[in-house]
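Trainee: Below are the structure tokens for one structure; questions will follow.
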Amino acid sequence: MSRPWRVAVVGGGIAGLAAAVRLRDRAPAGTEITVYEQSGALGGKLRTGELAGQPVEFGAESFLMRDPAGGESAAVTLIRRLGLAERIVHPTVGQAALAVDGGLRPVPGGTLVGVPGDLERVATVAKPAADADRDGGRPLLGPDEDVAVGTLVRARLGDEVVDRLVDPMLGGVYAGRADDLSLVTTMPALARAARVEHTLTGAVRAAQAAAPRAPGAPVFGTLAGGLSTLVEAAATASGATIRLHAAVRELAPIAHGWRLTVGPTRDPELVEADAVVLALPARPAARLLAPIAAEVATTIGGLDYASVALVTLALPDPELPALSGFLVPATEGLLIKASTFFTTKWGHLARPDGIALVRASVGRYGDETSLHLADADLVATVHRELSGVLGVALPAPLASHVQRWGGALPQYAPGHGDRVAAARTALRAAHPTLVLAGAGLDGVGIPVCVRSGETAAGEIIEALGGSGS
């Protein structure tokens with residue numbers, strides 16, 4: 001007797017929810033989808049809160065509008081699918097700054113995550129090495145080569161370009177160091193160009209030309225009302241059964257699929273499914289994989305993460321520059337690594353009463369002792385450092401919020417992509433109805449996570465044969 005498919009999605013972040021929506025759209029009618037989320041809320045690092053009576057993001061604040069090929073990003077496509085396109089808003093102020101030598105300097109244009117395509121344009125912030133970027137007569141990278149971003153840029157352009165430009169740009173996204181992060185994973189377009197071009201500046205220009213942006217076209221977007229509206233809409237559109245406070249503790253293969261052990265040890269619930277999407281951070285995924293695919297678990301579980309804290313202040317009538325925010329090189333010795341002037345950057349959040357929302361990010365990979373400070377001490381330190389960088393005494397905050405994200409940002413060492421591809425190949429061969437998704441494997445950012453979840457859903461549909469059984 002035929003019956004509907006039963007698919008379990010383990011992890012209720014945006015990757016898991018995107019997988020659930022794709023399954024609902026493309027799996028056979030009647031497919032039963034259940035999303036298991038260990039915490040009490042969906043969305044993962046997408047979390048809209050409220051401060052001083054106004055919505056504000058306590059996690060990711062925006063998404064890229066375009067994909068690496070220049071088309072619409074997966075996030076925008078999903079937003080359209082969910083009927084939220086009219087809520088997309090863009091920054092009203094796009095210029096950011098770098099905090100260097102005790103002051104703010106505009107981030108130079110023409111760079112790719114801080115790597116310059118024109119050395120003259122970055123000279124006001126960082127001086128390239130005297131013999132920078134000479135043509136050596138061959139491509140910068142071999143066909144399958146991956147290196148740390150810092151290794152390549154230091155060798156071609158010198159230390160200042162890395163320390164003052166590339167490192168703070170990467171640190172703002174990954175809370176990591178350029179000297180540790182994979183070029184292929186964090187800057188795939190530049191890596192592709194580096195396999196052809198003989199100079200780094202030439203590779204930057206080639207990567208930019210491969211995905212041209214129309215003049216004035218917005219790079220980033222967010223949603224009026226907050227990114228939690230995306231989470232809520234995806235959960236609804238998926239038609240999935242949502243299980244919160246439902247930790248999946250074990251996975252076991254059975255004759256026609258999988259048995260999941262859900263809930264507390266003393267009172268476990270056993271659930272059967274035909275297929276499973278594991279949309280979890282790397283280490284929790286590895287723990288579930290260990291009994292059934294030990295080598296895959298070892299590979300996936302080897303990924304390290306950085307922890308960060310986001311400190312948001314509501315300030316009455318502060319003197320803020322006309323900037324979206326600023327980045328701080330580690331060489332400046334500040335606790336803050338980045339700051340966003342929310343009510344300046346996002347015009348739809350501007351308030352007639354003059355209250356400004358300012359957020360600062362704290363915590364760098366390998367140097368996270370600052371995160372042990374109490375909330376009140378973090379707030380005081382951030383307030384003091386903001387005043388110092390801006391050169392004005394900021395007013396005391398009317399309200400503040402500290403959001404701690406422990407183990408939030410993956411640190412992709414060189415070779416990450418190859419390791420993940422090999423792990424997925426091995427898992428597919430042994431267990432085709434168990435598929436991995438999420439930032440730990442495919443990269444950070446909402447579009448990448450959406451695409452990861454959608455790809456996993458497609459693999460599940462293919463593995464189950466494209467129709468119910």
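By convention in this document, the chains of the structure tokens carry letters A, B, ... by their order, each chain's residues are numbered from 1, and ligands are numbered from 1 in the order they are shown.
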For region 357-362 of chain A, please output as a VMD selection string all residues within 8 Å (counting only C-alpha atoms; exclusion window: fewer than 5 positions along the same chain).

Mentor: chain A and resid 172 308 to 315 335 to 343 370 to 371 382

Trainee: DSSP on the backbone: what in region 166-302 of chain A comes out strand (DSSP E), as a list of chain:residue names?

Mentor: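 Secondary structure check on region 166-302 of chain A, strand (DSSP E): A:Phe220, A:Gly221, A:Thr222, A:Leu223, A:Thr241, A:Ile242, A:Arg243, A:Val248, A:Arg249, A:Glu250, A:Leu251, A:Ala252, A:Pro253, A:Ile254, A:Gly257, A:Trp258, A:Arg259, A:Leu260, A:Thr261, A:Val262, A:Glu269, A:Leu270, A:Val271, A:Glu272, A:Ala273, A:Ala275, A:Val276, A:Val277, A:Leu278.
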
Trainee: So which residues of region 66-220 of chain A fall under helix (DSSP H, G or I) by DSSP, listed as a PyMOL selection string?

Mentor: chain A and resi 74-81+85-87+119-122+149-157+159-174+183-186+188-194+200-210

Trainee: Store the residues picked out above, limited to C-alpha atoms, as a JSON list (two decimals), in the first residue's frame.

Mentor:
[["chain", "number", "residue", "atom", "x", "y", "z"],
["A", 74, "ALA", "CA", 18.79, 32.51, -3.46],
["A", 75, "ALA", "CA", 17.56, 34.62, -0.54],
["A", 76, "VAL", "CA", 15.75, 37.05, -2.83],
["A", 77, "THR", "CA", 14.21, 34.19, -4.82],
["A", 78, "LEU", "CA", 12.93, 32.59, -1.61],
["A", 79, "ILE", "CA", 11.58, 35.93, -0.41],
["A", 80, "ARG", "CA", 9.65, 36.28, -3.67],
["A", 81, "ARG", "CA", 8.35, 32.74, -3.31],
["A", 85, "ALA", "CA", 9.26, 40.94, -2.01],
["A", 86, "GLU", "CA", 7.45, 44.20, -1.30],
["A", 87, "ARG", "CA", 9.08, 44.26, 2.14],
["A", 119, "LEU", "CA", 46.53, 49.80, -5.54],
["A", 120, "GLU", "CA", 46.28, 53.57, -5.80],
["A", 121, "ARG", "CA", 42.72, 53.54, -4.44],
["A", 122, "VAL", "CA", 43.77, 51.96, -1.13],
["A", 149, "VAL", "CA", 43.54, 34.48, 2.09],
["A", 150, "GLY", "CA", 46.24, 36.14, 4.14],
["A", 151, "THR", "CA", 48.98, 33.94, 2.70],
["A", 152, "LEU", "CA", 48.18, 35.00, -0.87],
["A", 153, "VAL", "CA", 47.56, 38.67, -0.17],
["A", 154, "ARG", "CA", 50.63, 39.13, 2.06],
["A", 155, "ALA", "CA", 52.85, 37.53, -0.58],
["A", 156, "ARG", "CA", 51.47, 39.74, -3.35],
["A", 157, "LEU", "CA", 50.67, 43.05, -1.65],
["A", 159, "ASP", "CA", 51.24, 43.10, 5.41],
["A", 160, "GLU", "CA", 49.46, 46.45, 5.62],
["A", 161, "VAL", "CA", 46.87, 45.53, 3.00],
["A", 162, "VAL", "CA", 46.03, 42.39, 4.94],
["A", 163, "ASP", "CA", 46.08, 43.92, 8.41],
["A", 164, "ARG", "CA", 44.23, 47.15, 7.60],
["A", 165, "LEU", "CA", 41.84, 46.06, 4.84],
["A", 166, "VAL", "CA", 41.37, 42.35, 4.28],
["A", 167, "ASP", "CA", 41.52, 41.18, 7.89],
["A", 168, "PRO", "CA", 38.86, 43.61, 9.21],
["A", 169, "MET", "CA", 36.60, 42.88, 6.24],
["A", 170, "LEU", "CA", 36.82, 39.12, 6.79],
["A", 171, "GLY", "CA", 36.64, 39.62, 10.54],
["A", 172, "GLY", "CA", 33.37, 41.48, 10.15],
["A", 173, "VAL", "CA", 31.84, 38.49, 8.36],
["A", 174, "TYR", "CA", 33.57, 35.48, 9.92],
["A", 183, "LEU", "CA", 40.32, 31.61, -0.20],
["A", 184, "VAL", "CA", 38.16, 29.12, -2.10],
["A", 185, "THR", "CA", 35.42, 29.09, 0.54],
["A", 186, "THR", "CA", 35.37, 32.76, 1.55],
["A", 188, "PRO", "CA", 35.24, 31.73, -4.51],
["A", 189, "ALA", "CA", 35.08, 34.24, -7.37],
["A", 190, "LEU", "CA", 38.58, 35.50, -6.60],
["A", 191, "ALA", "CA", 39.88, 31.93, -6.32],
["A", 192, "ARG", "CA", 38.49, 31.10, -9.77],
["A", 193, "ALA", "CA", 40.10, 34.18, -11.28],
["A", 194, "ALA", "CA", 43.40, 33.43, -9.54],
["A", 200, "LEU", "CA", 46.22, 39.57, -7.69],
["A", 201, "THR", "CA", 44.89, 42.96, -8.77],
["A", 202, "GLY", "CA", 44.14, 41.45, -12.18],
["A", 203, "ALA", "CA", 42.30, 38.58, -10.51],
["A", 204, "VAL", "CA", 40.20, 41.04, -8.48],
["A", 205, "ARG", "CA", 39.25, 42.96, -11.62],
["A", 206, "ALA", "CA", 38.46, 39.74, -13.48],
["A", 207, "ALA", "CA", 36.27, 38.47, -10.64],
["A", 208, "GLN", "CA", 34.39, 41.77, -10.54],
["A", 209, "ALA", "CA", 33.92, 41.78, -14.32],
["A", 210, "ALA", "CA", 32.53, 38.23, -14.22]]

Trainee: May I have the residues within 9 Å of Ser324 (chain A) as a list in words, using only C-alpha atoms and disregarding those fewer than 2 positions away in the same chain?

Mentor: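 Listed by chain and then number, they are Pro91, Thr92, Val93, Gly94, Gln95, Ala96, Ala97, Pro321, Ala322, Phe326, Ser339, Thr340, Phe341, Phe342, Thr343, Thr344, Lys345 and Trp346 of chain A.
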
Trainee: Using only C-alpha atoms, determine which residues lie at most 9 Å from Glu57 (chain A), disregarding the query and same-chain residues fewer than 3 positions distant; provide the list as a PyMOL selection string.

Mentor: chain A and resi 46-50+60-61+226-228

Trainee: Nearest residue to Ile300 (chain A) out of A:Glu454, A:Asp418, A:Glu250, A:Glu197, using only C-alpha atoms?

Mentor: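 The shortest atom-to-atom distance to Ile300 (chain A) comes from A:Asp418.
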
Trainee: Skipping near chain neighbours, those fewer than 5 positions away, what residues fall within 6 Å of region 37-41 of chain A using only C-alpha atoms, listed as a PyMOL selection string?

Mentor: chain A and resi 11-12+244-247

Trainee: Go ahead and dump the residues you just picked, all heavy atoms, as a PDB file, in the first residue's frame.

Mentor:
ATOM      1  N   GLY A  11      17.058  20.672  12.465  1.00  0.00           N
ATOM      2  CA  GLY A  11      17.636  22.013  12.491  1.00  0.00           C
ATOM      3  C   GLY A  11      16.676  23.012  11.886  1.00  0.00           C
ATOM      4  O   GLY A  11      16.322  22.906  10.709  1.00  0.00           O
ATOM      5  N   GLY A  12      16.253  23.993  12.684  1.00  0.00           N
ATOM      6  CA  GLY A  12      15.259  24.955  12.239  1.00  0.00           C
ATOM      7  C   GLY A  12      15.821  26.313  11.896  1.00  0.00           C
ATOM      8  O   GLY A  12      15.111  27.320  11.989  1.00  0.00           O
ATOM      9  N   LEU A 244       9.527  22.298  18.410  1.00  0.00           N
ATOM     10  CA  LEU A 244      10.507  23.063  19.168  1.00  0.00           C
ATOM     11  C   LEU A 244      10.879  22.320  20.446  1.00  0.00           C
ATOM     12  O   LEU A 244      10.151  21.434  20.896  1.00  0.00           O
ATOM     13  CB  LEU A 244       9.952  24.445  19.514  1.00  0.00           C
ATOM     14  CG  LEU A 244       9.566  25.338  18.326  1.00  0.00           C
ATOM     15  CD1 LEU A 244       8.990  26.650  18.825  1.00  0.00           C
ATOM     16  CD2 LEU A 244      10.749  25.575  17.409  1.00  0.00           C
ATOM     17  N   HIS A 245      12.013  22.684  21.024  1.00  0.00           N
ATOM     18  CA  HIS A 245      12.542  21.988  22.212  1.00  0.00           C
ATOM     19  C   HIS A 245      12.605  20.480  21.929  1.00  0.00           C
ATOM     20  O   HIS A 245      12.326  19.664  22.812  1.00  0.00           O
ATOM     21  CB  HIS A 245      11.667  22.260  23.435  1.00  0.00           C
ATOM     22  CG  HIS A 245      11.562  23.706  23.789  1.00  0.00           C
ATOM     23  ND1 HIS A 245      12.631  24.438  24.276  1.00  0.00           N
ATOM     24  CD2 HIS A 245      10.514  24.572  23.711  1.00  0.00           C
ATOM     25  CE1 HIS A 245      12.242  25.682  24.495  1.00  0.00           C
ATOM     26  NE2 HIS A 245      10.980  25.791  24.159  1.00  0.00           N
ATOM     27  N   ALA A 246      12.974  20.136  20.718  1.00  0.00           N
ATOM     28  CA  ALA A 246      12.985  18.734  20.290  1.00  0.00           C
ATOM     29  C   ALA A 246      14.384  18.380  19.783  1.00  0.00           C
ATOM     30  O   ALA A 246      14.681  18.463  18.589  1.00  0.00           O
ATOM     31  CB  ALA A 246      11.942  18.493  19.197  1.00  0.00           C
ATOM     32  N   ALA A 247      15.258  18.024  20.701  1.00  0.00           N
ATOM     33  CA  ALA A 247      16.620  17.648  20.337  1.00  0.00           C
ATOM     34  C   ALA A 247      16.628  16.230  19.772  1.00  0.00           C
ATOM     35  O   ALA A 247      16.096  15.303  20.385  1.00  0.00           O
ATOM     36  CB  ALA A 247      17.525  17.724  21.558  1.00  0.00           C
TER      37      ALA A 247
END

Trainee: Calculated over only C-alpha atoms, which of the candidates A:Val448, A:Ala252, A:Val147, A:Val328 has the smallest distance to Glu385 (chain A)?

Mentor: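 Residue with the minimum atom-to-atom distance to Glu385 (chain A): A:Val328.
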
Trainee: Just the residues within 12 Å of Ala217 (chain A), please, counting only C-alpha atoms, with nothing from its chain fewer than 4 positions along; format it as JSON, numbers by chain.

Mentor: {"A": [64, 65, 66, 70, 72, 90, 91, 94, 212, 213, 221]}

Trainee: Could you check how far CA of Gly102 (chain A) sits from CA of Gly325 (chain A), in Å to one decimal?

Mentor: 15.4 Å

Trainee: Report, in Å with one decimal, the straight-line distance from CA of Val219 (chain A) to CA of Leu98 (chain A).

Mentor: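 Going from CA of Val219 (chain A) over to CA of Leu98 (chain A), I get 19.2 Å.
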
Trainee: Between A:Gly239, A:Pro397, A:Pro116, A:Asp146, single out the one closest to Leu181 (chain A), counting only C-alpha atoms.

Mentor: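 Comparing A:Gly239, A:Pro397, A:Pro116, A:Asp146 against Leu181 (chain A), the winner is A:Asp146.
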
Trainee: Name the residues in contact with Gly366 (chain A) at a cut-off of 12 Å, using only C-alpha atoms, excluding same-chain residues fewer than 4 positions from it; report them as a list in words.

Mentor: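 That gives Gly171, Ala175, Gly176, Arg177, Asp180, Asp304, Tyr305, Ala306, Ser307, Val308, Ala330, Ser370, Leu371, Gly407 and Gln411 of chain A.
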
Trainee: What's the separation between CA of Gly257 (chain A) and CA of Val231 (chain A), in Å to one decimal place?

Mentor: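 It comes out at 28.3 Å.
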